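To be precise, the following lines are data_7.txt, and they hold compact mmCIF, C-alpha atoms.
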```
# COMPACT_ATOMS: atom_id res chain seq x y z
CA VAL A 430 18.36 51.83 81.24
CA SER A 431 17.98 53.17 77.69
CA THR A 432 15.13 50.78 77.02
CA MET A 433 13.40 51.85 80.25
CA ASN A 434 13.81 55.49 79.27
CA ALA A 435 12.39 54.76 75.82
CA LYS A 436 9.38 53.01 77.34
CA THR A 437 8.87 55.86 79.77
CA SER A 438 9.02 58.29 76.86
CA SER A 439 6.56 56.16 74.92
CA GLY A 440 4.27 56.12 77.92
CA GLY A 441 4.46 59.89 78.07
CA GLU A 442 3.61 60.09 74.38
CA GLU A 443 0.66 57.76 74.87
CA GLU A 444 -0.62 60.04 77.65
CA ALA A 445 -0.13 63.15 75.50
CA SER A 446 -1.87 61.43 72.60
CA GLY A 447 -4.74 60.59 74.93
CA MET A 448 -5.05 64.28 75.73
CA ARG A 449 -5.18 64.96 71.98
CA ASN A 450 -7.97 62.46 71.55
CA GLU A 451 -9.98 64.05 74.36
CA ALA A 452 -9.49 67.51 72.88
CA LEU A 453 -10.40 66.63 69.30
CA GLY A 454 -12.60 63.58 69.74
CA GLU A 455 -12.05 60.20 68.14
CA ALA A 456 -14.38 60.89 65.18
CA LYS A 457 -12.81 64.29 64.47
CA ARG A 458 -9.31 62.83 64.71
CA GLY A 459 -10.16 60.08 62.23
CA GLN A 460 -11.69 62.62 59.85
CA VAL A 461 -8.57 64.81 59.92
CA ILE A 462 -6.33 61.79 59.22
CA ARG A 463 -8.52 60.79 56.25
CA VAL A 464 -8.29 64.35 54.89
CA ALA A 465 -4.49 64.09 55.17
CA TYR A 466 -4.63 60.91 53.07
CA VAL A 467 -6.73 62.70 50.43
CA ILE A 468 -4.30 65.64 50.29
CA ALA A 469 -1.34 63.27 49.93
CA ALA A 470 -3.05 61.22 47.18
CA LEU A 471 -3.95 64.33 45.17
CA ASP A 472 -0.48 65.82 45.65
CA LEU A 473 1.21 62.65 44.35
CA THR A 474 -1.25 62.34 41.45
CA PHE A 475 -0.39 65.83 40.20
CA LEU A 476 3.33 65.21 40.73
CA PHE A 477 3.38 61.95 38.74
CA MET A 478 1.17 63.58 36.11
CA GLN A 479 3.82 66.19 35.35
CA MET A 480 6.69 63.72 35.68
CA GLY A 481 5.23 61.74 32.79
CA VAL A 482 5.11 64.71 30.42
CA MET A 483 8.26 66.52 31.60
CA PRO A 484 10.69 64.71 29.24
CA ASN A 485 8.54 65.61 26.22
CA LYS A 486 8.14 69.20 27.36
CA ALA A 487 11.90 69.56 27.90
CA LYS A 488 12.59 68.06 24.47
CA SER A 489 10.08 70.40 22.80
CA LEU A 490 11.98 73.37 24.28
CA GLY A 491 15.28 72.07 22.90
CA LEU A 492 16.74 70.63 26.11
CA ASP A 493 19.01 67.62 25.48
CA SER A 494 19.43 64.58 27.76
CA VAL A 495 22.35 66.14 29.65
CA GLY A 496 20.36 69.30 30.31
CA PHE A 497 17.38 67.24 31.40
CA GLY A 498 19.66 65.46 33.89
CA TYR A 499 20.68 68.83 35.32
CA LEU A 500 17.00 69.78 35.58
CA GLN A 501 16.27 66.63 37.59
CA ASN A 502 19.34 67.14 39.79
CA ILE A 503 18.29 70.70 40.64
CA PHE A 504 14.89 69.48 41.78
CA GLY A 505 16.56 66.76 43.88
CA VAL A 506 18.91 69.25 45.55
CA LEU A 507 16.04 71.63 46.33
CA GLN A 508 14.04 68.78 47.89
CA LEU A 509 17.10 67.67 49.85
CA VAL A 510 17.71 71.15 51.27
CA GLY A 511 14.05 71.88 51.88
CA GLY A 512 13.11 68.63 53.65
CA TYR A 513 14.56 69.53 57.05
CA ILE A 514 13.49 73.20 56.82
CA PHE A 515 9.95 72.09 56.02
CA GLY A 516 9.98 69.74 59.04
CA ARG A 517 11.14 72.50 61.41
CA PHE A 518 8.48 74.80 59.96
CA ALA A 519 5.85 72.14 60.74
CA ASP A 520 7.11 71.85 64.33
CA GLN A 521 7.00 75.60 64.88
CA PHE A 522 3.84 76.60 63.02
CA GLY A 523 1.85 73.37 62.94
CA ALA A 524 1.03 70.67 60.40
CA ARG A 525 -1.80 72.74 58.88
CA ALA A 526 0.50 75.64 58.04
CA ALA A 527 3.07 73.20 56.64
CA LEU A 528 0.51 71.49 54.38
CA ILE A 529 -0.76 74.87 53.15
CA LEU A 530 2.85 75.88 52.38
CA SER A 531 3.41 72.64 50.45
CA CYS A 532 0.19 72.89 48.42
CA ALA A 533 0.72 76.60 47.72
CA SER A 534 4.28 75.85 46.55
CA GLY A 535 2.83 73.17 44.28
CA SER A 536 0.44 75.74 42.82
CA ILE A 537 3.33 78.13 42.07
CA PHE A 538 5.30 75.20 40.62
CA PHE A 539 2.53 74.33 38.14
CA LEU A 540 1.91 78.01 37.36
CA LEU A 541 5.56 78.48 36.39
CA MET A 542 5.44 75.21 34.44
CA SER A 543 2.46 76.45 32.44
CA LEU A 544 4.41 79.63 31.60
CA SER A 545 7.63 77.78 30.68
CA THR A 546 8.10 78.66 27.03
CA SER A 547 11.90 78.66 27.26
CA ILE A 548 14.64 76.62 28.95
CA PRO A 549 15.47 79.29 31.62
CA LEU A 550 11.79 79.44 32.66
CA LEU A 551 11.70 75.64 32.85
CA PHE A 552 14.64 75.67 35.26
CA LEU A 553 13.01 78.52 37.22
CA SER A 554 9.87 76.40 37.67
CA ARG A 555 11.89 73.98 39.83
CA LEU A 556 12.44 76.54 42.61
CA PRO A 557 9.12 76.01 44.47
CA GLY A 558 10.18 72.37 44.85
CA VAL A 559 12.12 73.38 47.97
CA PHE A 560 8.81 73.44 49.92
CA MET A 561 6.82 70.79 48.01
CA HIS A 562 6.61 68.10 50.69
CA GLY A 563 3.05 66.78 50.68
CA ILE A 564 3.90 63.34 52.08
CA PRO A 565 5.98 64.67 55.05
CA GLY A 566 3.17 67.14 55.74
CA ALA A 567 0.60 64.33 55.85
CA GLN A 568 2.98 62.24 57.96
CA LYS A 569 3.23 65.12 60.42
CA VAL A 570 -0.57 65.26 60.78
CA ILE A 571 -0.73 61.49 61.34
CA THR A 572 2.18 61.50 63.79
CA ASP A 573 0.62 64.30 65.85
CA MET A 574 -2.81 62.68 65.96
CA THR A 575 -2.00 59.01 66.60
CA THR A 576 -0.60 57.21 69.61
CA PRO A 577 2.82 55.56 69.16
CA SER A 578 1.16 52.14 69.07
CA GLN A 579 -1.10 53.22 66.16
CA ARG A 580 1.56 55.10 64.23
CA ALA A 581 3.12 52.40 62.03
CA GLY A 582 -0.24 51.23 60.70
CA ALA A 583 -1.48 54.78 60.06
CA LEU A 584 1.75 55.80 58.31
CA GLY A 585 1.66 52.60 56.28
CA LYS A 586 -1.67 53.56 54.72
CA LEU A 587 0.07 56.49 53.03
CA GLY A 588 1.47 53.86 50.66
CA LEU A 589 -2.06 53.54 49.27
CA CYS A 590 -1.86 57.21 48.37
CA PHE A 591 1.45 56.57 46.63
CA GLY A 592 -0.10 53.77 44.58
CA VAL A 593 -3.06 55.94 43.62
CA GLY A 594 -0.66 58.73 42.62
CA ILE A 595 1.44 56.49 40.37
CA ILE A 596 -1.55 54.91 38.60
CA ALA A 597 -3.85 57.93 38.29
CA GLY A 598 -1.08 60.48 37.68
CA SER A 599 0.70 58.47 34.98
CA ALA A 600 -2.57 57.67 33.19
CA MET A 601 -3.95 61.23 33.39
CA GLY A 602 -0.67 62.77 32.25
CA GLY A 603 -0.54 60.56 29.18
CA VAL A 604 -4.18 61.00 28.20
CA LEU A 605 -4.32 64.76 28.77
CA SER A 606 -1.06 65.51 26.94
CA THR A 607 -1.97 63.28 23.99
CA LYS A 608 -5.54 64.47 23.49
CA PHE A 609 -5.40 68.11 24.57
CA GLY A 610 -1.76 69.22 24.42
CA ILE A 611 1.44 69.06 26.43
CA TYR A 612 0.55 72.02 28.67
CA VAL A 613 -2.89 70.78 29.77
CA PRO A 614 -1.56 68.49 32.58
CA THR A 615 0.13 71.54 34.12
CA TYR A 616 -3.16 73.48 34.04
CA VAL A 617 -4.91 70.56 35.76
CA GLY A 618 -2.07 70.35 38.30
CA LEU A 619 -2.40 74.09 39.01
CA ALA A 620 -6.16 73.88 39.58
CA GLY A 621 -5.79 70.72 41.67
CA SER A 622 -3.04 72.19 43.85
CA LEU A 623 -5.18 75.26 44.56
CA ILE A 624 -8.05 72.95 45.58
CA ASN A 625 -5.63 71.00 47.78
CA THR A 626 -4.60 74.27 49.46
CA LEU A 627 -8.25 75.07 50.23
CA ILE A 628 -8.81 71.55 51.61
CA ALA A 629 -5.86 71.99 53.99
CA MET A 630 -7.10 75.41 55.10
CA VAL A 631 -10.65 74.23 55.79
CA TRP A 632 -10.32 70.66 57.07
CA ILE A 633 -6.99 70.52 58.95
CA PRO A 634 -7.13 72.06 62.46
CA SER A 635 -4.74 74.92 63.16
CA GLN A 636 -2.98 72.91 65.87
CA THR A 637 -2.70 69.13 65.78
CA LYS A 638 -0.37 68.76 68.77
CA PRO A 639 -0.89 69.96 72.36
CA LYS A 640 0.01 73.61 72.96
CA SER A 641 2.28 72.54 75.82
CA GLU A 642 4.49 70.82 73.25
CA HIS A 643 4.26 73.53 70.61
CA HIS A 644 6.10 76.22 72.51
CA MET A 645 9.21 74.06 72.90
CA THR A 646 10.32 74.74 69.30
CA GLU A 647 8.66 78.08 68.75
CA HIS A 648 11.83 80.18 68.89
CA SER A 649 14.34 77.75 67.36
CA ASP A 650 15.97 78.29 63.94
CA LEU A 651 14.37 76.76 60.86
CA PHE A 652 17.73 75.36 59.77
CA SER A 653 20.46 74.41 62.22
CA ILE A 654 23.16 71.78 61.88
CA ARG A 655 23.33 71.75 65.67
CA GLU A 656 19.65 70.78 65.85
CA ILE A 657 20.16 67.95 63.36
CA LEU A 658 23.09 66.61 65.39
CA ARG A 659 21.02 66.91 68.57
CA LEU A 660 18.30 64.72 67.06
CA MET A 661 20.85 62.16 65.91
CA LYS A 662 22.15 61.81 69.48
CA PHE A 663 18.88 60.44 70.83
CA PRO A 664 19.15 56.70 71.63
CA GLY A 665 18.96 54.55 68.51
CA VAL A 666 18.28 57.39 66.06
CA MET A 667 21.64 57.38 64.28
CA GLU A 668 21.68 53.58 63.96
CA VAL A 669 18.17 53.32 62.48
CA PHE A 670 18.75 56.31 60.19
CA ILE A 671 21.91 54.72 58.78
CA VAL A 672 19.91 51.56 58.01
CA LYS A 673 17.19 53.68 56.37
CA VAL A 674 19.70 55.43 54.11
CA PHE A 675 21.83 52.49 53.00
CA ALA A 676 19.34 49.58 52.82
CA GLY A 677 17.46 51.01 49.87
CA PHE A 678 20.29 52.99 48.27
CA PRO A 679 21.33 50.39 45.63
CA ILE A 680 17.67 49.88 44.62
CA GLY A 681 17.33 53.66 44.45
CA LEU A 682 20.24 53.77 42.00
CA PHE A 683 18.56 51.08 39.88
CA MET A 684 15.23 52.96 39.83
CA ILE A 685 16.96 56.18 38.76
CA MET A 686 18.49 54.33 35.79
CA PHE A 687 15.30 52.37 35.08
CA SER A 688 14.15 54.46 32.11
CA ILE A 689 17.39 53.52 30.33
CA ILE A 690 17.47 49.94 31.63
CA SER A 691 13.87 49.34 30.52
CA MET A 692 14.82 50.22 26.94
CA ASP A 693 18.34 48.76 26.69
CA PHE A 694 18.12 45.68 28.93
CA PHE A 695 14.43 44.73 28.85
CA GLY A 696 13.65 46.14 25.39
CA LEU A 697 10.43 47.84 26.51
CA GLU A 698 8.58 50.55 24.63
CA ALA A 699 7.32 53.67 26.43
CA VAL A 700 3.77 52.27 26.69
CA GLU A 701 5.04 49.00 28.18
CA SER A 702 7.13 50.92 30.71
CA GLY A 703 3.95 52.75 31.70
CA TYR A 704 2.18 49.44 32.28
CA LEU A 705 5.08 48.31 34.45
CA MET A 706 4.80 51.49 36.55
CA SER A 707 1.08 50.83 36.98
CA TYR A 708 1.90 47.29 38.11
CA PHE A 709 4.22 48.77 40.75
CA GLY A 710 1.45 51.12 41.85
CA VAL A 711 -1.00 48.25 42.34
CA LEU A 712 1.61 46.26 44.29
CA GLN A 713 2.28 49.29 46.48
CA MET A 714 -1.42 49.66 47.28
CA VAL A 715 -1.85 45.97 48.12
CA VAL A 716 1.27 45.76 50.29
CA GLN A 717 0.65 49.01 52.19
CA GLY A 718 -3.06 48.49 52.53
CA LEU A 719 -3.23 44.81 53.42
CA VAL A 720 0.19 43.67 54.63
CA VAL A 721 2.16 46.38 56.46
CA GLY A 722 -0.56 47.34 58.94
CA LYS A 723 -1.35 43.71 59.88
CA LEU A 724 2.30 42.83 60.41
CA ALA A 725 2.81 46.00 62.46
CA SER A 726 0.00 44.90 64.79
CA ARG A 727 1.55 41.46 65.36
CA CYS A 728 5.32 42.00 65.38
CA THR A 729 7.72 44.39 67.08
CA GLU A 730 9.10 47.15 64.92
CA MET A 731 12.70 45.97 65.33
CA THR A 732 11.67 42.52 64.08
CA LEU A 733 10.03 44.07 61.03
CA LEU A 734 13.11 46.23 60.41
CA ARG A 735 15.31 43.14 60.37
CA LEU A 736 12.81 41.35 58.13
CA SER A 737 12.75 44.17 55.57
CA VAL A 738 16.55 44.27 55.40
CA PHE A 739 16.73 40.47 55.01
CA VAL A 740 14.14 40.54 52.20
CA PHE A 741 16.09 43.38 50.57
CA ALA A 742 19.16 41.12 50.53
CA GLY A 743 17.13 38.40 48.78
CA VAL A 744 15.89 40.97 46.27
CA GLY A 745 19.50 41.84 45.53
CA LEU A 746 20.31 38.21 44.74
CA GLY A 747 17.27 38.00 42.46
CA MET A 748 18.24 41.19 40.63
CA ALA A 749 21.77 39.89 40.10
CA LEU A 750 20.36 36.78 38.40
CA MET A 751 17.41 38.27 36.46
CA ARG A 752 17.48 38.24 32.66
CA THR A 753 13.97 39.18 31.48
CA VAL A 754 11.23 41.64 32.39
CA TRP A 755 9.16 38.71 33.69
CA HIS A 756 11.90 37.93 36.21
CA TYR A 757 11.71 41.57 37.28
CA CYS A 758 7.92 41.38 37.68
CA VAL A 759 8.38 38.46 40.11
CA ILE A 760 11.19 40.22 42.00
CA ALA A 761 9.01 43.33 42.25
CA VAL A 762 6.74 41.65 44.82
CA PRO A 763 9.37 41.25 47.60
CA LEU A 764 11.00 44.49 46.41
CA VAL A 765 7.85 46.55 47.04
CA PHE A 766 7.26 44.73 50.33
CA ALA A 767 10.76 45.48 51.64
CA PHE A 768 10.75 49.05 50.38
CA SER A 769 7.33 49.82 51.90
CA MET A 770 8.08 48.09 55.19
CA LEU A 771 11.46 49.77 55.60
CA ALA A 772 10.07 53.25 54.92
CA THR A 773 7.08 52.85 57.26
CA ILE A 774 8.88 51.18 60.15
CA THR A 775 11.91 53.47 60.17
CA ASP A 776 9.68 56.58 60.08
CA SER A 777 7.64 55.17 62.97
CA ILE A 778 10.70 54.22 65.05
CA LEU A 779 12.46 57.54 64.48
CA THR A 780 9.43 59.71 65.34
CA LYS A 781 8.99 57.76 68.58
CA ALA A 782 12.67 58.11 69.47
CA VAL A 783 12.61 61.93 69.53
CA PRO A 784 10.41 64.29 71.58
CA SER A 785 7.00 64.97 70.03
CA SER A 786 8.04 68.61 69.57
CA ASP A 787 10.70 67.42 67.10
CA THR A 788 8.71 64.92 65.03
CA GLY A 789 8.37 67.34 62.10
CA ALA A 790 12.12 67.87 61.94
CA MET A 791 12.71 64.11 62.11
CA LEU A 792 10.20 63.48 59.31
CA GLY A 793 11.91 66.21 57.29
CA ILE A 794 15.27 64.50 57.70
CA CYS A 795 13.69 61.18 56.67
CA ALA A 796 12.13 62.85 53.63
CA SER A 797 15.60 63.99 52.52
CA VAL A 798 16.78 60.41 51.93
CA GLN A 799 15.13 60.02 48.50
CA PRO A 800 16.24 63.46 47.21
CA LEU A 801 19.77 62.58 48.31
CA THR A 802 19.60 59.42 46.21
CA ARG A 803 18.18 61.36 43.26
CA THR A 804 20.99 63.91 43.55
CA VAL A 805 24.00 61.57 43.63
CA GLY A 806 22.28 58.62 41.95
CA PRO A 807 22.59 59.51 38.25
CA THR A 808 26.38 59.70 38.44
CA ILE A 809 26.92 56.55 40.53
CA GLY A 810 24.17 54.60 38.74
CA GLY A 811 25.50 55.57 35.34
CA VAL A 812 28.98 54.33 36.19
CA LEU A 813 27.68 51.03 37.61
CA TYR A 814 25.47 50.39 34.58
CA LYS A 815 28.08 51.23 31.94
CA GLN A 816 31.01 49.50 33.61
CA PHE A 817 29.43 46.44 35.25
CA GLY A 818 25.90 46.02 33.86
CA VAL A 819 22.48 45.56 35.48
CA SER A 820 23.64 42.69 37.73
CA SER A 821 25.95 45.09 39.60
CA PHE A 822 22.92 46.77 41.21
CA GLY A 823 21.78 43.38 42.53
CA TYR A 824 25.17 42.36 43.91
CA LEU A 825 25.57 45.75 45.61
CA GLN A 826 22.08 45.42 47.11
CA LEU A 827 22.89 41.92 48.37
CA MET A 828 26.21 42.86 49.99
CA VAL A 829 24.97 46.06 51.63
CA ASN A 830 21.87 44.46 53.14
CA LEU A 831 23.63 41.31 54.32
CA GLY A 832 26.02 43.59 56.20
CA LEU A 833 23.14 45.61 57.65
CA PHE A 834 21.27 42.44 58.64
CA VAL A 835 24.27 41.11 60.57
CA TYR A 836 24.65 44.53 62.19
CA LEU A 837 21.00 44.57 63.30
CA LEU A 838 21.27 41.05 64.70
CA LYS A 839 24.40 41.76 66.74
CA SER A 840 23.78 45.34 67.85
CA LYS A 841 21.63 46.34 70.81
CA ILE A 842 19.84 49.37 69.43
CA PRO A 843 18.42 51.19 72.48
CA LEU A 844 14.82 51.58 71.37
CA GLY A 845 11.77 50.49 73.30
CA GLU A 846 10.06 47.77 71.25
CA MET A 847 6.29 47.67 71.57
CA LYS A 848 3.56 45.96 69.63
CA SER A 849 1.01 48.11 67.90
CA GLN A 850 -2.45 47.78 69.27
```
Have the structure of the file written as structure tokens, please.
Amino acid sequence: VSTMNAKTSSGGEEEASGMRNEALGEAKRGQVIRVAYVIAALDLTFLFMQMGVMPNKAKSLGLDSVGFGYLQNIFGVLQLVGGYIFGRFADQFGARAALILSCASGSIFFLLMSLSTSIPLLFLSRLPGVFMHGIPGAQKVITDMTTPSQRAGALGKLGLCFGVGIIAGSAMGGVLSTKFGIYVPTYVGLAGSLINTLIAMVWIPSQTKPKSEHHMTEHSDLFSIREILRLMKFPGVMEVFIVKVFAGFPIGLFMIMFSIISMDFFGLEAVESGYLMSYFGVLQMVVQGLVVGKLASRCTEMTLLRLSVFVFAGVGLGMALMRTVWHYCVIAVPLVFAFSMLATITDSILTKAVPSSDTGAMLGICASVQPLTRTVGPTIGGVLYKQFGVSSFGYLQLMVNLGLFVYLLKSKIPLGEMKSQ
């Protein structure tokens, strides 16, 4: 019965999406989605640009490693709290308003960064991070303007934006700070974020979902625990969300500790670590651009979810056995595949499982997973690394994902499985 209800709901979404297509036109819809990709790519480029110079800026102001950890944790907490609020804002006021809010917050963020001549001002510059959610904003546009059968492939292409952001942002941050000074990347980020805000205002339509759906959340609270619990009660949502949180958690801990691991375990210099990040960016672009979309068109989403968890388990075994950076470069291929596939498929499944009037809130909850890892990760990751070494991350990844894989095989998650067309 649950599966029938899910299929009926999917059919209703297909019909509503057809109405969207008639209203906006296929060409216009494609143009808006491409603009969303551009906004996301620019947003990530500016973000990675400042991430590369932030340690040096903090050090120049006299902030030690412990203080820098607090600075990172504050940003993670703000992103964690703001993810759901941003999603509800997008549901109530539209994806365009949400993207403008995100880009404008980014502009304030870079403005405060450029004025940060003391440690208190540096901490103050983190505050706009509560509404800096460019990727969820772009996801909201794509979710509103695609049919459920097109959604996984369209969301997957956002990984290309992530790859562009890592490569371009890291390179620009290094070049600009070295040649022109440590504050120049923040000036570029400020100008770019203002341009991004104008792009969202001009090219994104004021309403990307049907008005009949918009009024359903118009008078609801921006933050409500009751609303979150209501979304989790939809068939299959809690089960898939648990998989989303725990499958990549051990890898998330490893990535948080990677700056230390790259120096202590792999013996890499800062420049070599930058090359490794660029390698990850290229892998991300290839996997998201060429692999995820094609698999989504040929396999059911539940099959791909099981596949990503199984590959994650294999990645864990490889990480437990790796000894050199070359081993890690080989492991990175299935790692990026599993990470990209898991993120895309779970977002697609979860947005289909809730009413279209709640997709923004669901995307906001999904966007809170990484900030949650960044918030609790430094403490847990530090303990694992100091007490048990790098292999502990691999063994934890292996055990967690083997358990999740068995759970997915045995459980009957009540979601309608359909092939993308």
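CA of Gln460 in chain A to CA of Arg525 in chain A spans 14.2 Å [interatomic distance, one decimal].
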Surrounding residues of range 712-719 of chain A excluding itself and chain neighbours under 4 positions, 10 Å, only C-alpha atoms, as an mmCIF file with C-alpha atoms, in the coordinates of the input:
```
data_model
loop_
_atom_site.group_PDB
_atom_site.id
_atom_site.type_symbol
_atom_site.label_atom_id
_atom_site.label_comp_id
_atom_site.auth_asym_id
_atom_site.auth_seq_id
_atom_site.Cartn_x
_atom_site.Cartn_y
_atom_site.Cartn_z
ATOM 1 C CA GLY A 582 -0.240 51.230 60.700
ATOM 2 C CA ALA A 583 -1.480 54.780 60.060
ATOM 3 C CA LEU A 584 1.750 55.800 58.310
ATOM 4 C CA GLY A 585 1.660 52.600 56.280
ATOM 5 C CA LYS A 586 -1.670 53.560 54.720
ATOM 6 C CA LEU A 587 0.070 56.490 53.030
ATOM 7 C CA GLY A 588 1.470 53.860 50.660
ATOM 8 C CA LEU A 589 -2.060 53.540 49.270
ATOM 9 C CA CYS A 590 -1.860 57.210 48.370
ATOM 10 C CA PHE A 591 1.450 56.570 46.630
ATOM 11 C CA GLY A 592 -0.100 53.770 44.580
ATOM 12 C CA VAL A 593 -3.060 55.940 43.620
ATOM 13 C CA ILE A 595 1.440 56.490 40.370
ATOM 14 C CA MET A 706 4.800 51.490 36.550
ATOM 15 C CA SER A 707 1.080 50.830 36.980
ATOM 16 C CA TYR A 708 1.900 47.290 38.110
ATOM 17 C CA LYS A 723 -1.350 43.710 59.880
ATOM 18 C CA LEU A 724 2.300 42.830 60.410
ATOM 19 C CA ALA A 761 9.010 43.330 42.250
ATOM 20 C CA VAL A 762 6.740 41.650 44.820
ATOM 21 C CA PRO A 763 9.370 41.250 47.600
ATOM 22 C CA LEU A 764 11.000 44.490 46.410
ATOM 23 C CA VAL A 765 7.850 46.550 47.040
ATOM 24 C CA PHE A 766 7.260 44.730 50.330
ATOM 25 C CA ALA A 767 10.760 45.480 51.640
ATOM 26 C CA PHE A 768 10.750 49.050 50.380
ATOM 27 C CA SER A 769 7.330 49.820 51.900
ATOM 28 C CA MET A 770 8.080 48.090 55.190
ATOM 29 C CA THR A 773 7.080 52.850 57.260
#
```
Open item on the list: With all atoms listed in the file as the counted atoms, please give the residues lying no more than 12 Å from Ala465 in chain A, apart from itself and same-chain residues fewer than 6 positions off, as number ranges by chain.
Closed with: A: 458-459, 471-472, 524-525, 527-529, 563-574, 583-584, 586-587, 590, 625-626, 628-634, 637
I'd like a table as CSV: residues in range 755-833 of chain A with an atom no more than 8 Å from range 480-503 of chain A, each row giving the shortest atom pair and its distance in Å to one decimal, only C-alpha atoms counted, sorted by chain and rising residue number.
```
residue,atom,partner,partner_atom,distance
A:Arg803,CA,A:Asn502,CA,6.8
A:Thr804,CA,A:Asn502,CA,5.2
A:Pro807,CA,A:Gly498,CA,7.9
```
- [ ] Mind checking which residues fall within 10 Å of Leu825 in chain A, counting all atoms listed in the file, ignoring those fewer than 3 positions away in the same chain, and posting them as a VMD selection string?
- [x] chain A and resid 678 to 680 742 745 to 746 748 to 749 813 820 to 822 828 to 831
Open item on the list: Excluding Met751 in chain A and its own-chain neighbours fewer than 4 positions away, which residues fall within 9 Å of it when counting all atoms listed in the file? Please give them as a ChimeraX atom specification.
Closed with: /A:746-747,755-757,760,819-820
Output C-alpha atoms for every residue in the selection just made, as a PDB file, keeping the file's coordinate frame.
```
ATOM      1  CA  LEU A 746      20.310  38.210  44.740  1.00  0.00           C
ATOM      2  CA  GLY A 747      17.270  38.000  42.460  1.00  0.00           C
ATOM      3  CA  TRP A 755       9.160  38.710  33.690  1.00  0.00           C
ATOM      4  CA  HIS A 756      11.900  37.930  36.210  1.00  0.00           C
ATOM      5  CA  TYR A 757      11.710  41.570  37.280  1.00  0.00           C
ATOM      6  CA  ILE A 760      11.190  40.220  42.000  1.00  0.00           C
ATOM      7  CA  VAL A 819      22.480  45.560  35.480  1.00  0.00           C
ATOM      8  CA  SER A 820      23.640  42.690  37.730  1.00  0.00           C
TER       9      SER A 820
END
```
- [ ] Record the distance separating CA of Ser653 in chain A and CA of His562 in chain A, expressed in Å with one decimal.
- [x] 19.1 Å
- [ ] Find the distance between CA of Ser786 in chain A and CA of Tyr513 in chain A and write it in Å to one decimal.
- [x] 14.1 Å
Task: Answer as a PyMOL selection string, residues within 12 Å of (0.8, 65.3, 33.6) using only C-alpha atoms - done: chain A and resi 473-486+539+542-543+594-619+621
